[in-house]
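Since the structure comes first, as structure tokens, the remarks are kept for the end.
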Number of protein chains: 2
Amino acid sequence: MSEAVSRPTLEAVAARAGVSRATVSRVVNGGDGVRDSLVTRVRQAVDELGYVPNQAARSLVTKRHDAVAVVIAEPGTRVFADPFFAAQLRGISKELTAHDNQLVLLLTEGRDDHARVARYLAGGHVDGALVFSLHLDDPLPGLIRDAGVRTVFGGRPDWDDGDSGGAVYVDSDNRGGARDAVRHLVGLGRTRIAHITGALDQTSAVDRLDGYRDVMGDADPELVVESDFTPGGGEHAMRELLTRRPDVDAVFAANDLTALGALRVLRAEGRRVPEDVAVIGFDDMAPVAEQTDPPLTTVRQDIEEMGRIMARLLLGGGPAGGVILPTTIVRRASA
Amino acid sequence: MSEAVSRPTLEAVAARAGVSRATVSRVVNGGDGVRDSLVTRVRQAVDELGYVPNQAARSLVTKRHDAVAVVIAEPGTRVFADPFFAAQLRGISKELTAHDNQLVLLLTEGRDDHARVARYLAGGHVDGALVFSLHLDDPLPGLIRDAGVRTVFGGRPDWDDGDSGGAVYVDSDNRGGARDAVRHLVGLGRTRIAHITGALDQTSAVDRLDGYRDVMGDADPELVVESDFTPGGGEHAMRELLTRRPDVDAVFAANDLTALGALRVLRAEGRRVPEDVAVIGFDDMAPVAEQTDPPLTTVRQDIEEMGRIMARLLLGGGPAGGVILPTTIVRRASA
DNA sequence: GTGAAAGCGCTAACAT
DNA sequence: ATGTTAGCGCTTTCAC
């Protein structure tokens with residue numbers, strides 16, 4: 001259909017304003033060091049012609065794009081359903097917009113897409129990438145490193161084994177938050193404190209487990225049940241726990257959804273929360289933690305802020321290494 | 001920090017393969033009309049050097065970008081929370097990926113952003129735009145038309161007053177679906193059929209109301225209550241309805257969320273569904289419609305497919321005018 | 001079938 | 001302070 005009507009070029013504006021292309025370029029890019037009278041004249045020509053700079057031409061010479069890619073190694077199905085990504089994307093979107101940068105969303109629906117993403121990043125479309133890697137065996141981080149674009153990871157990448165190794169990432173203080181949670185339970189006088197883990201192929205789950213062990217190192221291993229961050233998984237794990245150790249008096253769940261499942265089972269089994277069993281979660285996702293019965297005490301992490309900081313780091317060219325965001329305990333009724 | 005290492009250019013590949021830039025270009029773009037031996041030689045050079053074409057340079061001459069913008073005139077807060085957008089984006093993302101196109105997400109957090117979006121679109125970054133306008137007074141559609149990019153709208157734009165006017169859009173058959181819903185209620189023997197509307201500044205809400213009126217033209221106007229597509233709004237409207245017409249025996253709610261609210265009030269008031277009052281929704285959002293008590297009978301529209309078709313239309317350069325997708329009734333227990 | 005050369009629209013030295 | 005000029009990396013006639 002109607003091919004994009006060919007827009008006016010710098011040249012046209014220059015002709016109309018009776019100046020050189022260089023001058024128009026200067027005005028368009030801020031206009032420092034150009035006589036006011038000329039600035040006005042050029043601005044007017046720009047308006048009259050409806051001139052908008054061609055970004056491809058500009059990028060070709062400046063090597064800047066004012067765009068960053070957000071790479072999420074999850075099928076769209078999950079991304080748009082998970083409030084976690086939602087909050088992160090919101091933070092990112094806000095920060096990018098504030099810096100006049102565009103957000104290019106790259107979702108990988110499957111293994112084949114990885115090559116496509118790598119190609120895109122190497123193609124020099126964007127100034128950098130924000131990557132959510134999530135899984136320990138993911139080949140994507142490697143591919144992206146090879147593509148040679150500035151990258152900030154959301155969550156500690158698994159191949160960052162303690163010493164930064166040049167990677168830039170933003171993560172919550174999962175381990176510290178977990179320690180706080182368990183200590184809170186200890187402070188309540190609980191002694192048989194269990195932990196329902198998250199999916200252990202994600203560093204966040206591993207870190208939270210480590211935090212639990214920091215405090216409960218000498219506890220019965222039976223008190224740790226592996227799970228997967230879902231409510232269903234939480235239910236299953238809680239039942240298992242009740243079988244293994246009927247005397248359990250506190251549970252630290254790897255996230256709020258897991259805690260939700262645990263709560264359901266405890267109620268079904270007639271255990272009072274928090275009197276018989278105290279329960280604490282992780283995340284503080286408002287729609288979940290505030291609605292449980294009883295309302296959930298949990299470890300809060302500011303997800304949206306995390307997204308914002310990732311974007312800021314990428315744009316500002318922050319230092320290599322990790323940025324760890326603090327967590328805080330939000331006390332409600334469950335512990 | 002580490003500036004993106006300067007990637008090899010066409011020139012470098014040409015030198016390495018001992019051919020001209022033109023030949024490399026041909027090979028990279030499909031390689032028709034080039035001797036097989038040369039093709040092989042060039043391919044090898046490409047691999048060895050890790051060459052990836054610079055898109056800015058390519059776009060500058062071809063005027064193509066293999067990228068399309070998705071413009072959503074809603075703050076990120078809503079977009080990432082609403083399963084409706086989620087499904088649409090999923091469909092779009094899949095179709096674009098299949099055609100090797102990238103998705104640039106443009107959210108407008110406020111009025112100021114409109115200019116930014118318009119500028120971006122006019123800047124020739126993308127081959128087209130997929131726009132979700134949604135509200136009747138929105139200035140965005142106009143701005144976008146002026147930007148001169150191919151555009152497909154999601155949902156009938158309000159300024160499309162019957163005759164297409166050159167706009168391309170994809171919408172569900174809201175009016176027809178509404179008629180079917182009401183007829184279904186009639187078929188159940190109901191006579192005092194009410195309608196709780198959606199937000200009437202959106203064409204979808206208006207169309208559904210029109211569909212209701214097509215069938216119930218002569219009904220008591222008191223049976224129509226204006227609402228806003230939310231569960232809270234549905235509750236409020238249902239209470240109002242019960243006051244106005246305590247004898248109501250069926251409700252057609254403008255969407256599933258509204259129906260959810262209505263259901264809650266009916267239960268609280270001791271009305272049995274569907275025995276005393278039959279309820280039918282619109283959308284068939286699985287997480288909602290399947291979980292209500294009783295499960296909701298509703299009008300299904302395939303949102304993901306809608307997204308996919310929008311993308312296909314944009315890429316394929318479809319005909320002007322609207323594409324209307326059919327709806328079907330999904331019978332569960334509430335009507 | 002292959003190469004040479006002319007731009008695409010812009011910015012950034014370098015002159016003036 | 002402004003204009004001139006040389007590319008950025010690629011595609012695409014047009015000759016050969």
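Residues are named by chain letter and number: chains run A, B, ... in the order of the structure tokens, numbers start at 1 in each chain, and ligands are numbered from 1 in the order shown.
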
Open item on the list: List as a list in words the protein and nucleic acid residues near DT16 in chain C, meaning an atom at most 10 Å away when only C-alpha atoms (C1' of nucleotides) are counted, but skip any in the same chain fewer than 2 places from it.
Closed with: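 Residues near the query, excluding close chain neighbours: DC14 of chain C; DT2, DG3 and DT4 of chain D.
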
Task: Which of range 134-320 of chain A fall in strand (DSSP E or B), as a list of chain:residue names - done: A:Thr151, A:Val152, A:Phe153, A:Gly154, A:Val168, A:Tyr169, A:Val170, A:Asp171, A:Ser172, A:Ile193, A:Ala194, A:His195, A:Ile196, A:Val224, A:Val225, A:Ala250, A:Val251, A:Phe252, A:Ala253, A:Ala278, A:Val279, A:Ile280, A:Gly281, A:Phe282, A:Asp283, A:Thr297, A:Thr298, A:Val299, A:Arg300

Emit the selected residues as an mmCIF file, in the first residue's frame, including N, CA and C atoms.
data_model
loop_
_atom_site.group_PDB
_atom_site.id
_atom_site.type_symbol
_atom_site.label_atom_id
_atom_site.label_comp_id
_atom_site.auth_asym_id
_atom_site.auth_seq_id
_atom_site.Cartn_x
_atom_site.Cartn_y
_atom_site.Cartn_z
ATOM 1 N N THR A 151 26.035 -5.589 28.471
ATOM 2 C CA THR A 151 24.931 -6.383 29.004
ATOM 3 C C THR A 151 24.834 -6.256 30.521
ATOM 4 N N VAL A 152 23.608 -6.177 30.982
ATOM 5 C CA VAL A 152 23.376 -6.235 32.420
ATOM 6 C C VAL A 152 22.416 -7.392 32.658
ATOM 7 N N PHE A 153 22.792 -8.263 33.565
ATOM 8 C CA PHE A 153 21.943 -9.406 33.859
ATOM 9 C C PHE A 153 21.018 -9.127 35.030
ATOM 10 N N GLY A 154 19.843 -9.684 34.936
ATOM 11 C CA GLY A 154 18.899 -9.594 36.047
ATOM 12 C C GLY A 154 19.016 -10.877 36.840
ATOM 13 N N VAL A 168 28.126 -7.772 34.628
ATOM 14 C CA VAL A 168 27.390 -6.782 35.391
ATOM 15 C C VAL A 168 26.021 -7.375 35.669
ATOM 16 N N TYR A 169 25.626 -7.356 36.908
ATOM 17 C CA TYR A 169 24.297 -7.868 37.184
ATOM 18 C C TYR A 169 23.684 -7.181 38.396
ATOM 19 N N VAL A 170 22.393 -7.287 38.491
ATOM 20 C CA VAL A 170 21.666 -6.721 39.625
ATOM 21 C C VAL A 170 20.870 -7.849 40.235
ATOM 22 N N ASP A 171 20.942 -7.959 41.518
ATOM 23 C CA ASP A 171 20.205 -9.033 42.171
ATOM 24 C C ASP A 171 19.770 -8.563 43.545
ATOM 25 N N SER A 172 18.785 -9.237 44.078
ATOM 26 C CA SER A 172 18.414 -8.945 45.451
ATOM 27 C C SER A 172 19.354 -9.703 46.365
ATOM 28 N N ILE A 193 12.758 -25.305 62.454
ATOM 29 C CA ILE A 193 12.466 -24.437 61.316
ATOM 30 C C ILE A 193 12.793 -25.120 59.998
ATOM 31 N N ALA A 194 11.785 -25.273 59.167
ATOM 32 C CA ALA A 194 11.971 -25.950 57.879
ATOM 33 C C ALA A 194 12.168 -24.946 56.747
ATOM 34 N N HIS A 195 12.662 -25.443 55.620
ATOM 35 C CA HIS A 195 12.775 -24.596 54.427
ATOM 36 C C HIS A 195 12.247 -25.349 53.215
ATOM 37 N N ILE A 196 11.321 -24.716 52.518
ATOM 38 C CA ILE A 196 10.861 -25.260 51.240
ATOM 39 C C ILE A 196 11.580 -24.462 50.173
ATOM 40 N N VAL A 224 14.654 -29.674 55.144
ATOM 41 C CA VAL A 224 14.730 -29.001 53.852
ATOM 42 C C VAL A 224 14.040 -29.841 52.785
ATOM 43 N N VAL A 225 13.034 -29.264 52.138
ATOM 44 C CA VAL A 225 12.320 -29.965 51.082
ATOM 45 C C VAL A 225 12.466 -29.173 49.790
ATOM 46 N N ALA A 250 7.955 -24.082 62.272
ATOM 47 C CA ALA A 250 8.114 -22.893 61.439
ATOM 48 C C ALA A 250 8.564 -23.294 60.039
ATOM 49 N N VAL A 251 8.141 -22.501 59.051
ATOM 50 C CA VAL A 251 8.512 -22.775 57.666
ATOM 51 C C VAL A 251 8.964 -21.495 56.985
ATOM 52 N N PHE A 252 10.142 -21.571 56.371
ATOM 53 C CA PHE A 252 10.596 -20.474 55.518
ATOM 54 C C PHE A 252 10.421 -20.953 54.083
ATOM 55 N N ALA A 253 9.470 -20.345 53.374
ATOM 56 C CA ALA A 253 9.193 -20.742 52.000
ATOM 57 C C ALA A 253 9.994 -19.862 51.046
ATOM 58 N N ALA A 278 4.701 -21.184 62.321
ATOM 59 C CA ALA A 278 4.897 -19.847 61.752
ATOM 60 C C ALA A 278 5.357 -20.012 60.309
ATOM 61 N N VAL A 279 4.875 -19.118 59.436
ATOM 62 C CA VAL A 279 5.249 -19.228 58.020
ATOM 63 C C VAL A 279 5.745 -17.877 57.516
ATOM 64 N N ILE A 280 6.855 -17.921 56.803
ATOM 65 C CA ILE A 280 7.366 -16.689 56.206
ATOM 66 C C ILE A 280 7.702 -16.948 54.744
ATOM 67 N N GLY A 281 7.401 -15.960 53.901
ATOM 68 C CA GLY A 281 7.640 -16.125 52.467
ATOM 69 C C GLY A 281 8.801 -15.273 51.978
ATOM 70 N N PHE A 282 8.819 -15.021 50.676
ATOM 71 C CA PHE A 282 9.869 -14.204 50.069
ATOM 72 C C PHE A 282 9.281 -13.569 48.802
ATOM 73 N N ASP A 283 9.541 -12.299 48.604
ATOM 74 C CA ASP A 283 9.121 -11.514 47.426
ATOM 75 C C ASP A 283 8.277 -10.321 47.828
ATOM 76 N N THR A 297 3.669 -12.884 56.391
ATOM 77 C CA THR A 297 4.913 -12.196 56.715
ATOM 78 C C THR A 297 5.916 -12.665 55.668
ATOM 79 N N THR A 298 6.690 -11.728 55.141
ATOM 80 C CA THR A 298 7.544 -12.110 54.019
ATOM 81 C C THR A 298 8.759 -11.205 53.897
ATOM 82 N N VAL A 299 9.688 -11.588 53.036
ATOM 83 C CA VAL A 299 10.872 -10.778 52.790
ATOM 84 C C VAL A 299 10.614 -9.972 51.527
ATOM 85 N N ARG A 300 10.665 -8.673 51.678
ATOM 86 C CA ARG A 300 10.321 -7.831 50.545
ATOM 87 C C ARG A 300 11.541 -7.533 49.684
#

Give me, as a Markdown table, the closest atom pair and its distance (Å, one decimal) for every residue of chain C within a cut-off of 7 Å of chain A, counting only C-alpha atoms (C1' of nucleotides), rows sorted by chain and rising number.
| residue | atom | partner | partner_atom | distance |
| --- | --- | --- | --- | --- |
| C:DG9 | C1' | A:Ala57 | CA | 5.0 |
| C:DC10 | C1' | A:Ala57 | CA | 4.9 |
| C:DT11 | C1' | A:Val61 | CA | 6.2 |

Expected file contents, prior selection, C-alpha atoms (C1' of nucleotides), as an mmCIF file, in the first residue's frame:
data_model
loop_
_atom_site.group_PDB
_atom_site.id
_atom_site.type_symbol
_atom_site.label_atom_id
_atom_site.label_comp_id
_atom_site.auth_asym_id
_atom_site.auth_seq_id
_atom_site.Cartn_x
_atom_site.Cartn_y
_atom_site.Cartn_z
ATOM 1 C "C1'" DG C 9 21.055 10.721 5.233
ATOM 2 C "C1'" DC C 10 23.643 11.927 8.565
ATOM 3 C "C1'" DT C 11 27.775 13.658 11.760
#

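With only C-alpha atoms (C1' of nucleotides) taken into account, chain A has Ser20, Thr23, Gly33, Val34, Arg35, Leu60 and Val61 of chain A at most 7 Å from chain D.
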
Output N, CA, C and O atoms for every residue in that selection, as a short mmCIF file (atom, residue, chain, number, x, y, z; two decimals), in the first residue's frame.
data_model
loop_
_atom_site.label_atom_id
_atom_site.label_comp_id
_atom_site.auth_asym_id
_atom_site.auth_seq_id
_atom_site.Cartn_x
_atom_site.Cartn_y
_atom_site.Cartn_z
N SER A 20 23.86 25.65 5.70
CA SER A 20 24.46 24.39 5.30
C SER A 20 23.88 23.23 6.10
O SER A 20 23.28 23.43 7.15
N THR A 23 24.98 23.08 9.75
CA THR A 23 24.29 23.97 10.68
C THR A 23 22.96 23.38 11.13
O THR A 23 22.62 23.41 12.30
N GLY A 33 26.42 26.90 19.91
CA GLY A 33 27.36 27.54 19.02
C GLY A 33 26.78 27.91 17.68
O GLY A 33 27.46 27.93 16.67
N VAL A 34 25.50 28.20 17.67
CA VAL A 34 24.88 28.68 16.44
C VAL A 34 24.13 29.97 16.79
O VAL A 34 23.48 30.04 17.84
N ARG A 35 24.27 30.95 15.94
CA ARG A 35 23.62 32.25 16.21
C ARG A 35 22.11 32.05 16.40
O ARG A 35 21.47 31.28 15.67
N LEU A 60 24.40 5.11 11.82
CA LEU A 60 25.51 4.64 10.99
C LEU A 60 26.79 5.40 11.34
O LEU A 60 27.87 4.82 11.38
N VAL A 61 26.65 6.66 11.59
CA VAL A 61 27.86 7.42 11.91
C VAL A 61 28.14 7.51 13.41
O VAL A 61 29.29 7.40 13.83
#

- [ ] Can you check which residues of range 142-305 of chain A DSSP gives as helix (DSSP H, G or I) on the backbone and send them as a PyMOL selection string?
- [x] chain A and resi 142-147+174-187+203-216+221-223+231-244+256-268+286-289+303-305

Open item on the list: Between CA of Val27 in chain B and CA of Ala147 in chain A, what distance in Å does the model show, to one decimal?
Closed with: 21.9 Å

Open item on the list: Using only C-alpha atoms for the distances, tell me which of B:Arg156, B:Pro319, B:Gly198, B:Arg271 is nearest to chain A.
Closed with: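 Answer, going by the shortest atom-to-atom distance: B:Pro319.
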
Task: Best match for closeness to chain B among A:Leu263, A:Val46, A:Ala87, A:Leu185, counting only C-alpha atoms - done: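 Of all the options, A:Ala87 lies closest to chain B.
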
TODO: Would you work out the distance separating CA of Asn101 in chain B from CA of Gly148 in chain B, expressed in Å to one decimal?
DONE: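 We find that CA of Asn101 in chain B and CA of Gly148 in chain B lie 19.6 Å from each other.
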
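What separates CA of Glu95 in chain B from CA of Ala311 in chain B is a distance of 6.3 Å.
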
Open item on the list: If we count only C-alpha atoms (C1' of nucleotides) and set the cut-off at 8 Å, which residues sit around Gln102 in chain B, ignoring sequence neighbours fewer than 6 positions away in its own chain? Please answer as number ranges by chain.
Closed with: A: 104-106; B: 66-68, 96

Export of prior selection with C-alpha atoms as a PDB file, in the first residue's frame:
ATOM      1  CA  VAL A 104      13.132  -3.822  22.103  1.00  0.00           C
ATOM      2  CA  LEU A 105      11.610  -6.975  23.488  1.00  0.00           C
ATOM      3  CA  LEU A 106      13.298 -10.215  22.570  1.00  0.00           C
TER       4      LEU A 106
ATOM      5  CA  ASP B  66      12.487  -5.806   9.923  1.00  0.00           C
ATOM      6  CA  ALA B  67      11.057  -4.342  13.038  1.00  0.00           C
ATOM      7  CA  VAL B  68       7.592  -3.246  13.990  1.00  0.00           C
ATOM      8  CA  LEU B  96       6.803 -11.445  14.125  1.00  0.00           C
TER       9      LEU B  96
END
